[in-house]
>>> print(open('my_file32.pdb').read())   # PDB, N, CA and C atoms
ATOM      1  N   MET J   1     -95.062 127.616 131.902
ATOM      2  CA  MET J   1     -95.747 127.608 133.176
ATOM      3  C   MET J   1     -95.102 126.624 134.135
ATOM      4  N   THR J   2     -94.507 125.554 133.591
ATOM      5  CA  THR J   2     -93.973 124.526 134.472
ATOM      6  C   THR J   2     -92.523 124.751 134.869
ATOM      7  N   ASN J   3     -91.799 125.596 134.153
ATOM      8  CA  ASN J   3     -90.431 125.917 134.568
ATOM      9  C   ASN J   3     -90.074 127.327 134.093
ATOM     10  N   GLY J   4     -88.944 127.817 134.565
ATOM     11  CA  GLY J   4     -88.568 129.191 134.256
ATOM     12  C   GLY J   4     -89.259 130.162 135.191
ATOM     13  N   PRO J   5     -88.932 131.435 135.075
ATOM     14  CA  PRO J   5     -89.545 132.439 135.956
ATOM     15  C   PRO J   5     -91.066 132.517 135.757
ATOM     16  N   VAL J   6     -91.791 132.477 136.851
ATOM     17  CA  VAL J   6     -93.253 132.554 136.797
ATOM     18  C   VAL J   6     -93.692 133.841 136.109
ATOM     19  N   GLU J   7     -92.926 134.892 136.271
ATOM     20  CA  GLU J   7     -93.269 136.188 135.679
ATOM     21  C   GLU J   7     -93.329 136.138 134.149
ATOM     22  N   LYS J   8     -92.697 135.149 133.526
ATOM     23  CA  LYS J   8     -92.779 135.005 132.063
ATOM     24  C   LYS J   8     -94.216 134.739 131.618
ATOM     25  N   LEU J   9     -95.033 134.163 132.523
ATOM     26  CA  LEU J   9     -96.443 133.921 132.203
ATOM     27  C   LEU J   9     -97.183 135.226 131.933
ATOM     28  N   PHE J  10     -96.723 136.291 132.559
ATOM     29  CA  PHE J  10     -97.403 137.581 132.437
ATOM     30  C   PHE J  10     -97.365 138.104 131.000
ATOM     31  N   GLU J  11     -96.381 137.666 130.231
ATOM     32  CA  GLU J  11     -96.296 138.077 128.835
ATOM     33  C   GLU J  11     -97.432 137.456 128.018
ATOM     34  N   LEU J  12     -97.930 136.301 128.453
ATOM     35  CA  LEU J  12     -98.985 135.589 127.739
ATOM     36  C   LEU J  12    -100.376 135.909 128.259
ATOM     37  N   ALA J  13    -100.450 136.383 129.495
ATOM     38  CA  ALA J  13    -101.741 136.583 130.154
ATOM     39  C   ALA J  13    -102.089 138.061 130.263
ATOM     40  N   ALA J  14    -103.333 138.376 129.984
ATOM     41  CA  ALA J  14    -103.829 139.748 130.165
ATOM     42  C   ALA J  14    -103.768 140.090 131.658
ATOM     43  N   PRO J  15    -103.538 141.352 132.007
ATOM     44  CA  PRO J  15    -103.446 141.727 133.428
ATOM     45  C   PRO J  15    -104.669 141.310 134.254
ATOM     46  N   GLY J  16    -105.842 141.349 133.683
ATOM     47  CA  GLY J  16    -107.060 140.985 134.415
ATOM     48  C   GLY J  16    -107.516 139.567 134.144
ATOM     49  N   ILE J  17    -106.578 138.673 133.795
ATOM     50  CA  ILE J  17    -106.935 137.291 133.474
ATOM     51  C   ILE J  17    -107.825 136.700 134.559
ATOM     52  N   LYS J  18    -108.827 135.949 134.123
ATOM     53  CA  LYS J  18    -109.710 135.256 135.066
ATOM     54  C   LYS J  18    -109.560 133.759 134.843
ATOM     55  N   GLY J  19    -109.369 133.039 135.937
ATOM     56  CA  GLY J  19    -109.242 131.594 135.889
ATOM     57  C   GLY J  19    -110.384 130.942 136.636
ATOM     58  N   TYR J  20    -110.993 129.952 136.014
ATOM     59  CA  TYR J  20    -112.125 129.240 136.596
ATOM     60  C   TYR J  20    -111.763 127.763 136.696
ATOM     61  N   GLN J  21    -111.955 127.188 137.879
ATOM     62  CA  GLN J  21    -111.751 125.752 138.080
ATOM     63  C   GLN J  21    -112.813 125.291 139.071
ATOM     64  N   GLY J  22    -113.786 124.554 138.559
ATOM     65  CA  GLY J  22    -114.916 124.174 139.400
ATOM     66  C   GLY J  22    -115.630 125.432 139.870
ATOM     67  N   SER J  23    -115.852 125.543 141.158
ATOM     68  CA  SER J  23    -116.531 126.724 141.702
ATOM     69  C   SER J  23    -115.553 127.830 142.079
ATOM     70  N   GLN J  24    -114.261 127.599 141.874
ATOM     71  CA  GLN J  24    -113.253 128.595 142.233
ATOM     72  C   GLN J  24    -113.000 129.553 141.073
ATOM     73  N   VAL J  25    -112.801 130.825 141.429
ATOM     74  CA  VAL J  25    -112.469 131.855 140.448
ATOM     75  C   VAL J  25    -111.273 132.622 140.975
ATOM     76  N   ALA J  26    -110.280 132.810 140.127
ATOM     77  CA  ALA J  26    -109.095 133.592 140.490
ATOM     78  C   ALA J  26    -108.912 134.667 139.431
ATOM     79  N   GLU J  27    -108.348 135.795 139.841
ATOM     80  CA  GLU J  27    -108.207 136.895 138.896
ATOM     81  C   GLU J  27    -106.859 137.576 139.057
ATOM     82  N   GLY J  28    -106.228 137.873 137.928
ATOM     83  CA  GLY J  28    -105.003 138.666 137.905
ATOM     84  C   GLY J  28    -103.721 137.858 137.866
ATOM     85  N   HIS J  29    -102.639 138.571 137.596
ATOM     86  CA  HIS J  29    -101.321 137.945 137.490
ATOM     87  C   HIS J  29    -100.883 137.289 138.788
ATOM     88  N   GLU J  30    -101.188 137.909 139.925
ATOM     89  CA  GLU J  30    -100.767 137.331 141.207
ATOM     90  C   GLU J  30    -101.403 135.966 141.436
ATOM     91  N   ALA J  31    -102.669 135.822 141.100
ATOM     92  CA  ALA J  31    -103.355 134.535 141.256
ATOM     93  C   ALA J  31    -102.756 133.492 140.316
ATOM     94  N   LEU J  32    -102.435 133.894 139.090
ATOM     95  CA  LEU J  32    -101.808 132.995 138.125
ATOM     96  C   LEU J  32    -100.456 132.518 138.639
ATOM     97  N   ALA J  33     -99.660 133.422 139.159
ATOM     98  CA  ALA J  33     -98.347 133.069 139.695
ATOM     99  C   ALA J  33     -98.483 132.128 140.891
ATOM    100  N   ALA J  34     -99.441 132.390 141.769
ATOM    101  CA  ALA J  34     -99.650 131.538 142.947
ATOM    102  C   ALA J  34    -100.027 130.119 142.521
ATOM    103  N   TYR J  35    -100.869 129.987 141.499
ATOM    104  CA  TYR J  35    -101.291 128.682 140.983
ATOM    105  C   TYR J  35    -100.070 127.904 140.474
ATOM    106  N   ALA J  36     -99.258 128.548 139.654
ATOM    107  CA  ALA J  36     -98.076 127.885 139.094
ATOM    108  C   ALA J  36     -97.088 127.507 140.203
ATOM    109  N   LYS J  37     -96.862 128.395 141.151
ATOM    110  CA  LYS J  37     -95.934 128.102 142.252
ATOM    111  C   LYS J  37     -96.436 126.941 143.097
ATOM    112  N   HIS J  38     -97.745 126.891 143.334
ATOM    113  CA  HIS J  38     -98.329 125.794 144.122
ATOM    114  C   HIS J  38     -98.026 124.451 143.471
ATOM    115  N   TYR J  39     -98.303 124.320 142.164
ATOM    116  CA  TYR J  39     -98.069 123.048 141.485
ATOM    117  C   TYR J  39     -96.586 122.713 141.409
ATOM    118  N   ARG J  40     -95.740 123.686 141.214
ATOM    119  CA  ARG J  40     -94.300 123.429 141.178
ATOM    120  C   ARG J  40     -93.793 122.892 142.517
ATOM    121  N   GLN J  41     -94.290 123.441 143.616
ATOM    122  CA  GLN J  41     -93.862 122.991 144.941
ATOM    123  C   GLN J  41     -94.483 121.650 145.310
ATOM    124  N   ALA J  42     -95.760 121.473 145.009
ATOM    125  CA  ALA J  42     -96.466 120.252 145.395
ATOM    126  C   ALA J  42     -96.024 119.039 144.568
ATOM    127  N   TYR J  43     -95.659 119.263 143.308
ATOM    128  CA  TYR J  43     -95.320 118.174 142.401
ATOM    129  C   TYR J  43     -94.006 118.473 141.681
ATOM    130  N   PRO J  44     -92.874 118.185 142.321
ATOM    131  CA  PRO J  44     -91.577 118.438 141.670
ATOM    132  C   PRO J  44     -91.526 117.782 140.288
ATOM    133  N   GLY J  45     -90.957 118.489 139.352
ATOM    134  CA  GLY J  45     -90.873 117.991 137.983
ATOM    135  C   GLY J  45     -92.167 118.149 137.206
ATOM    136  N   TRP J  46     -93.061 119.005 137.708
ATOM    137  CA  TRP J  46     -94.376 119.202 137.077
ATOM    138  C   TRP J  46     -94.224 119.572 135.611
ATOM    139  N   LYS J  47     -94.981 118.868 134.757
ATOM    140  CA  LYS J  47     -94.968 119.111 133.304
ATOM    141  C   LYS J  47     -96.386 119.028 132.768
ATOM    142  N   LEU J  48     -96.618 119.732 131.683
ATOM    143  CA  LEU J  48     -97.883 119.657 130.953
ATOM    144  C   LEU J  48     -97.590 119.103 129.565
ATOM    145  N   ALA J  49     -98.306 118.072 129.167
ATOM    146  CA  ALA J  49     -98.171 117.508 127.824
ATOM    147  C   ALA J  49     -99.488 117.757 127.085
ATOM    148  N   ILE J  50     -99.427 118.505 126.008
ATOM    149  CA  ILE J  50    -100.610 118.821 125.212
ATOM    150  C   ILE J  50    -100.819 117.710 124.190
ATOM    151  N   GLU J  51    -102.010 117.115 124.192
ATOM    152  CA  GLU J  51    -102.326 116.046 123.246
ATOM    153  C   GLU J  51    -103.156 116.542 122.068
ATOM    154  N   ARG J  52    -104.060 117.488 122.342
ATOM    155  CA  ARG J  52    -104.912 118.044 121.293
ATOM    156  C   ARG J  52    -105.118 119.526 121.544
ATOM    157  N   MET J  53    -105.234 120.270 120.454
ATOM    158  CA  MET J  53    -105.512 121.699 120.561
ATOM    159  C   MET J  53    -106.360 122.097 119.357
ATOM    160  N   VAL J  54    -107.451 122.818 119.639
ATOM    161  CA  VAL J  54    -108.359 123.274 118.586
ATOM    162  C   VAL J  54    -108.671 124.741 118.866
ATOM    163  N   ALA J  55    -108.651 125.551 117.828
ATOM    164  CA  ALA J  55    -108.948 126.976 118.000
ATOM    165  C   ALA J  55    -110.036 127.397 117.024
ATOM    166  N   GLU J  56    -110.915 128.258 117.528
ATOM    167  CA  GLU J  56    -111.936 128.865 116.681
ATOM    168  C   GLU J  56    -112.258 130.234 117.253
ATOM    169  N   GLY J  57    -112.088 131.255 116.433
ATOM    170  CA  GLY J  57    -112.301 132.616 116.916
ATOM    171  C   GLY J  57    -111.364 132.904 118.081
ATOM    172  N   PRO J  58    -111.870 133.486 119.157
ATOM    173  CA  PRO J  58    -111.000 133.823 120.286
ATOM    174  C   PRO J  58    -110.771 132.654 121.245
ATOM    175  N   TRP J  59    -111.361 131.488 120.976
ATOM    176  CA  TRP J  59    -111.297 130.362 121.913
ATOM    177  C   TRP J  59    -110.310 129.291 121.458
ATOM    178  N   VAL J  60    -109.563 128.753 122.420
ATOM    179  CA  VAL J  60    -108.633 127.658 122.176
ATOM    180  C   VAL J  60    -108.928 126.564 123.198
ATOM    181  N   ALA J  61    -109.199 125.358 122.710
ATOM    182  CA  ALA J  61    -109.455 124.204 123.582
ATOM    183  C   ALA J  61    -108.218 123.309 123.572
ATOM    184  N   VAL J  62    -107.834 122.847 124.755
ATOM    185  CA  VAL J  62    -106.633 122.027 124.913
ATOM    186  C   VAL J  62    -106.983 120.804 125.743
ATOM    187  N   GLN J  63    -106.425 119.652 125.369
ATOM    188  CA  GLN J  63    -106.557 118.429 126.153
ATOM    189  C   GLN J  63    -105.164 117.876 126.365
ATOM    190  N   GLY J  64    -104.890 117.382 127.586
ATOM    191  CA  GLY J  64    -103.566 116.854 127.831
ATOM    192  C   GLY J  64    -103.441 116.153 129.166
ATOM    193  N   VAL J  65    -102.176 116.002 129.584
ATOM    194  CA  VAL J  65    -101.848 115.327 130.837
ATOM    195  C   VAL J  65    -100.878 116.205 131.611
ATOM    196  N   SER J  66    -101.158 116.351 132.892
ATOM    197  CA  SER J  66    -100.280 117.075 133.810
ATOM    198  C   SER J  66     -99.581 116.029 134.668
ATOM    199  N   THR J  67     -98.244 116.040 134.672
ATOM    200  CA  THR J  67     -97.494 115.048 135.432
ATOM    201  C   THR J  67     -96.455 115.721 136.316
ATOM    202  N   GLY J  68     -96.038 115.011 137.305
ATOM    203  CA  GLY J  68     -95.001 115.445 138.225
ATOM    204  C   GLY J  68     -94.827 114.335 139.243
ATOM    205  N   LYS J  69     -93.940 114.529 140.194
ATOM    206  CA  LYS J  69     -93.726 113.504 141.213
ATOM    207  C   LYS J  69     -95.040 113.246 141.947
ATOM    208  N   GLY J  70     -95.588 112.030 141.771
ATOM    209  CA  GLY J  70     -96.830 111.657 142.422
ATOM    210  C   GLY J  70     -98.087 112.191 141.761
ATOM    211  N   LEU J  71     -97.974 112.706 140.534
ATOM    212  CA  LEU J  71     -99.135 113.291 139.862
ATOM    213  C   LEU J  71     -99.249 112.801 138.435
ATOM    214  N   GLU J  72    -100.443 112.394 138.051
ATOM    215  CA  GLU J  72    -100.785 112.175 136.649
ATOM    216  C   GLU J  72    -102.255 112.532 136.521
ATOM    217  N   LEU J  73    -102.525 113.680 135.956
ATOM    218  CA  LEU J  73    -103.879 114.217 135.887
ATOM    219  C   LEU J  73    -104.227 114.571 134.451
ATOM    220  N   ARG J  74    -105.240 113.916 133.912
ATOM    221  CA  ARG J  74    -105.738 114.284 132.587
ATOM    222  C   ARG J  74    -106.565 115.550 132.754
ATOM    223  N   PHE J  75    -106.447 116.465 131.808
ATOM    224  CA  PHE J  75    -107.152 117.738 131.926
ATOM    225  C   PHE J  75    -107.619 118.234 130.564
ATOM    226  N   ALA J  76    -108.544 119.168 130.627
ATOM    227  CA  ALA J  76    -108.956 119.931 129.458
ATOM    228  C   ALA J  76    -109.014 121.382 129.904
ATOM    229  N   ALA J  77    -108.709 122.269 129.010
ATOM    230  CA  ALA J  77    -108.741 123.696 129.329
ATOM    231  C   ALA J  77    -109.306 124.450 128.134
ATOM    232  N   LEU J  78    -110.031 125.491 128.443
ATOM    233  CA  LEU J  78    -110.589 126.368 127.417
ATOM    234  C   LEU J  78    -110.036 127.761 127.683
ATOM    235  N   TYR J  79    -109.340 128.309 126.707
ATOM    236  CA  TYR J  79    -108.707 129.622 126.832
ATOM    237  C   TYR J  79    -109.398 130.622 125.916
ATOM    238  N   LYS J  80    -109.568 131.829 126.401
ATOM    239  CA  LYS J  80    -110.054 132.916 125.550
ATOM    240  C   LYS J  80    -108.890 133.875 125.339
ATOM    241  N   VAL J  81    -108.621 134.182 124.084
ATOM    242  CA  VAL J  81    -107.513 135.071 123.740
ATOM    243  C   VAL J  81    -108.091 136.405 123.272
ATOM    244  N   SER J  82    -107.661 137.475 123.916
ATOM    245  CA  SER J  82    -108.089 138.827 123.566
ATOM    246  C   SER J  82    -106.858 139.698 123.393
ATOM    247  N   ARG J  83    -106.758 140.357 122.255
ATOM    248  CA  ARG J  83    -105.619 141.241 121.961
ATOM    249  C   ARG J  83    -104.277 140.522 122.112
ATOM    250  N   GLY J  84    -104.248 139.247 121.697
ATOM    251  CA  GLY J  84    -103.014 138.489 121.702
ATOM    252  C   GLY J  84    -102.599 137.917 123.043
ATOM    253  N   ARG J  85    -103.453 138.051 124.066
ATOM    254  CA  ARG J  85    -103.114 137.520 125.390
ATOM    255  C   ARG J  85    -104.293 136.730 125.949
ATOM    256  N   VAL J  86    -104.012 135.771 126.799
ATOM    257  CA  VAL J  86    -105.065 134.953 127.403
ATOM    258  C   VAL J  86    -105.815 135.803 128.426
ATOM    259  N   SER J  87    -107.138 135.908 128.261
ATOM    260  CA  SER J  87    -107.941 136.705 129.187
ATOM    261  C   SER J  87    -108.813 135.844 130.100
ATOM    262  N   GLU J  88    -109.076 134.606 129.688
ATOM    263  CA  GLU J  88    -109.859 133.675 130.506
ATOM    264  C   GLU J  88    -109.284 132.283 130.372
ATOM    265  N   VAL J  89    -109.343 131.520 131.470
ATOM    266  CA  VAL J  89    -108.949 130.113 131.476
ATOM    267  C   VAL J  89    -110.017 129.340 132.236
ATOM    268  N   HIS J  90    -110.531 128.293 131.620
ATOM    269  CA  HIS J  90    -111.493 127.397 132.263
ATOM    270  C   HIS J  90    -110.827 126.026 132.323
ATOM    271  N   LEU J  91    -110.512 125.545 133.527
ATOM    272  CA  LEU J  91    -109.805 124.272 133.700
ATOM    273  C   LEU J  91    -110.748 123.174 134.148
ATOM    274  N   TYR J  92    -110.560 122.002 133.551
ATOM    275  CA  TYR J  92    -111.358 120.833 133.887
ATOM    276  C   TYR J  92    -110.413 119.654 134.064
ATOM    277  N   GLY J  93    -110.481 118.993 135.208
ATOM    278  CA  GLY J  93    -109.626 117.840 135.470
ATOM    279  C   GLY J  93    -110.459 116.581 135.587
ATOM    280  N   GLU J  94    -109.794 115.463 135.486
ATOM    281  CA  GLU J  94    -110.441 114.167 135.636
ATOM    282  C   GLU J  94    -110.163 113.676 137.049
ATOM    283  N   PRO J  95    -111.127 113.815 137.962
ATOM    284  CA  PRO J  95    -110.887 113.459 139.364
ATOM    285  C   PRO J  95    -110.363 112.042 139.549
ATOM    286  N   GLY J  96    -110.827 111.104 138.733
ATOM    287  CA  GLY J  96    -110.376 109.722 138.870
ATOM    288  C   GLY J  96    -108.883 109.569 138.660
ATOM    289  N   SER J  97    -108.312 110.307 137.706
ATOM    290  CA  SER J  97    -106.877 110.176 137.459
ATOM    291  C   SER J  97    -106.078 110.798 138.593
ATOM    292  N   LEU J  98    -106.588 111.872 139.203
ATOM    293  CA  LEU J  98    -105.907 112.468 140.361
ATOM    294  C   LEU J  98    -105.974 111.518 141.545
ATOM    295  N   GLN J  99    -107.138 110.911 141.793
ATOM    296  CA  GLN J  99    -107.288 109.978 142.893
ATOM    297  C   GLN J  99    -106.368 108.779 142.717
ATOM    298  N   LYS J 100    -106.218 108.313 141.483
ATOM    299  CA  LYS J 100    -105.319 107.190 141.214
ATOM    300  C   LYS J 100    -103.874 107.590 141.490
ATOM    301  N   SER J 101    -103.485 108.802 141.081
ATOM    302  CA  SER J 101    -102.124 109.282 141.336
ATOM    303  C   SER J 101    -101.847 109.358 142.830
ATOM    304  N   LEU J 102    -102.864 109.722 143.607
ATOM    305  CA  LEU J 102    -102.704 109.830 145.055
ATOM    306  C   LEU J 102    -102.941 108.510 145.774
ATOM    307  N   SER J 103    -103.096 107.432 144.996
ATOM    308  CA  SER J 103    -103.341 106.064 145.520
ATOM    309  C   SER J 103    -104.618 105.990 146.344
ATOM    310  N   LEU J 104    -105.612 106.791 145.996
ATOM    311  CA  LEU J 104    -106.900 106.736 146.684
ATOM    312  C   LEU J 104    -107.815 105.670 146.085
ATOM    313  N   VAL J 105    -107.542 105.300 144.827
ATOM    314  CA  VAL J 105    -108.291 104.236 144.164
ATOM    315  C   VAL J 105    -107.287 103.341 143.443
ATOM    316  N   PRO J 106    -107.634 102.056 143.212
ATOM    317  CA  PRO J 106    -106.685 101.153 142.522
ATOM    318  C   PRO J 106    -106.533 101.498 141.052
TER
END
>>> encode(input="my_file32.pdb", output="structure tokens")
Amino acid sequence: MTNGPVEKLFELAAPGIKGYQGSQVAEGHEALAAYAKHYRQAYPGWKLAIERMVAEGPWVAVQGVSTGKGLELRFAALYKVSRGRVSEVHLYGEPGSLQKSLSLVP
């Protein structure tokens, strides 16, 4: 997701993938590609580091850190896998770490 052709994500994501972040909902490959392109442009060198991953049934929970130029954001994500592809993504970020990265708080 952080480098290489954005279209490679489509191999992992179901065509009707739904992404939830706060009150926002996005659906489909185009929305997924737009999300990845946004972070790549906004934060050069954007990377995701996975610290923990737990799976049970169709659900996979991930905790990690998203970094890039001017960004350090701790996050958690919950993925639903259906027929070998991600069909849902629920993203949760730590606002305090984003505010610190943006120098909004000490």
>>> select_by_dssp(input="my_file32.pdb", residues="range 5-106 of chain J", states="alpha helix (DSSP H)", output="JSON, numbers by chain")
{"J": [29, 30, 31, 32, 33, 34, 35, 36, 37, 38, 39, 40, 41, 42, 95, 96, 97, 98, 99, 100, 101]}
>>> resolve_selection(input="my_file32.pdb", expression="the PyMOL selection byres (((chain J and resi 76-90 and name CA) around 9) and name CA)", output="list in words")
Glu11, Leu12, Ala13, Ala14, Pro15, Gly16, Ile17, Lys18, Gly19, Tyr20, Gln21, Gly22, Gly57, Pro58, Trp59, Val60, Ala61, Val62, Gln63, Gly64, Val65, Arg74, Phe75, Leu91, Tyr92, Gly93 and Glu94 of chain J
>>> atom_distance(input="my_file32.pdb", atom1="CA of Lys69 in chain J", atom2="CA of Val54 in chain J")
28.7 Å
>>> resolve_selection(input="my_file32.pdb", expression="the PyMOL selection byres ((chain J and resi 43) around 8)", output="count of residues only")
15
>>> atom_distance(input="my_file32.pdb", atom1="atom N of Glu7 in chain J", atom2="CA of Glu30 in chain J")
9.6 Å
>>> select_by_dssp(input="my_file32.pdb", residues="range 4-75 of chain J", states="strand (DSSP E)", output="VMD selection string")
chain J and resid 13 to 21 24 to 27 47 to 56 59 to 68 71 to 75
>>> atom_distance(input="my_file32.pdb", atom1="CA of Leu48 in chain J", atom2="CA of Glu72 in chain J")
9.8 Å
>>> closest_residue(input="my_file32.pdb", among="J:Ala31, J:Val6, J:Ala26, J:Leu73", to="Ala49 in chain J", atoms="only C-alpha atoms")
J:Leu73
>>> decode(input="my_file32.pdb", residues="range 60-81 of chain J", atoms="N, CA and C atoms", output="compact mmCIF listing (two decimals), in the first residue's frame")
# COMPACT_ATOMS: atom_id res chain seq x y z
N VAL J 60 -9.25 -9.91 11.14
CA VAL J 60 -7.83 -9.73 11.45
C VAL J 60 -7.67 -8.35 12.08
N ALA J 61 -7.09 -8.31 13.27
CA ALA J 61 -6.83 -7.05 13.97
C ALA J 61 -5.34 -6.74 13.87
N VAL J 62 -5.04 -5.48 13.58
CA VAL J 62 -3.65 -5.04 13.38
C VAL J 62 -3.42 -3.79 14.20
N GLN J 63 -2.24 -3.69 14.82
CA GLN J 63 -1.82 -2.48 15.52
C GLN J 63 -0.45 -2.11 15.00
N GLY J 64 -0.22 -0.80 14.79
CA GLY J 64 1.08 -0.41 14.28
C GLY J 64 1.28 1.09 14.27
N VAL J 65 2.28 1.50 13.47
CA VAL J 65 2.65 2.91 13.34
C VAL J 65 2.75 3.24 11.86
N SER J 66 2.16 4.36 11.51
CA SER J 66 2.24 4.89 10.14
C SER J 66 3.20 6.08 10.19
N THR J 67 4.26 6.04 9.37
CA THR J 67 5.25 7.10 9.37
C THR J 67 5.50 7.62 7.96
N GLY J 68 6.01 8.79 7.90
CA GLY J 68 6.39 9.44 6.65
C GLY J 68 6.93 10.80 7.00
N LYS J 69 7.32 11.57 6.01
CA LYS J 69 7.84 12.91 6.28
C LYS J 69 6.79 13.72 7.02
N GLY J 70 7.08 14.06 8.29
CA GLY J 70 6.16 14.84 9.10
C GLY J 70 5.01 14.06 9.70
N LEU J 71 5.08 12.73 9.67
CA LEU J 71 3.97 11.91 10.17
C LEU J 71 4.47 10.80 11.07
N GLU J 72 3.84 10.65 12.21
CA GLU J 72 4.00 9.46 13.05
C GLU J 72 2.66 9.24 13.72
N LEU J 73 1.92 8.28 13.25
CA LEU J 73 0.56 8.04 13.71
C LEU J 73 0.39 6.59 14.14
N ARG J 74 0.08 6.39 15.41
CA ARG J 74 -0.23 5.04 15.88
C ARG J 74 -1.64 4.72 15.42
N PHE J 75 -1.86 3.48 15.00
CA PHE J 75 -3.17 3.11 14.47
C PHE J 75 -3.52 1.67 14.85
N ALA J 76 -4.80 1.39 14.72
CA ALA J 76 -5.30 0.03 14.80
C ALA J 76 -6.27 -0.14 13.64
N ALA J 77 -6.34 -1.32 13.11
CA ALA J 77 -7.24 -1.59 12.00
C ALA J 77 -7.86 -2.97 12.19
N LEU J 78 -9.09 -3.08 11.78
CA LEU J 78 -9.80 -4.35 11.83
C LEU J 78 -10.22 -4.68 10.40
N TYR J 79 -9.76 -5.81 9.90
CA TYR J 79 -10.03 -6.23 8.53
C TYR J 79 -10.95 -7.45 8.53
N LYS J 80 -11.87 -7.48 7.61
CA LYS J 80 -12.69 -8.68 7.40
C LYS J 80 -12.26 -9.29 6.07
N VAL J 81 -11.95 -10.57 6.10
CA VAL J 81 -11.50 -11.27 4.90
C VAL J 81 -12.61 -12.21 4.44
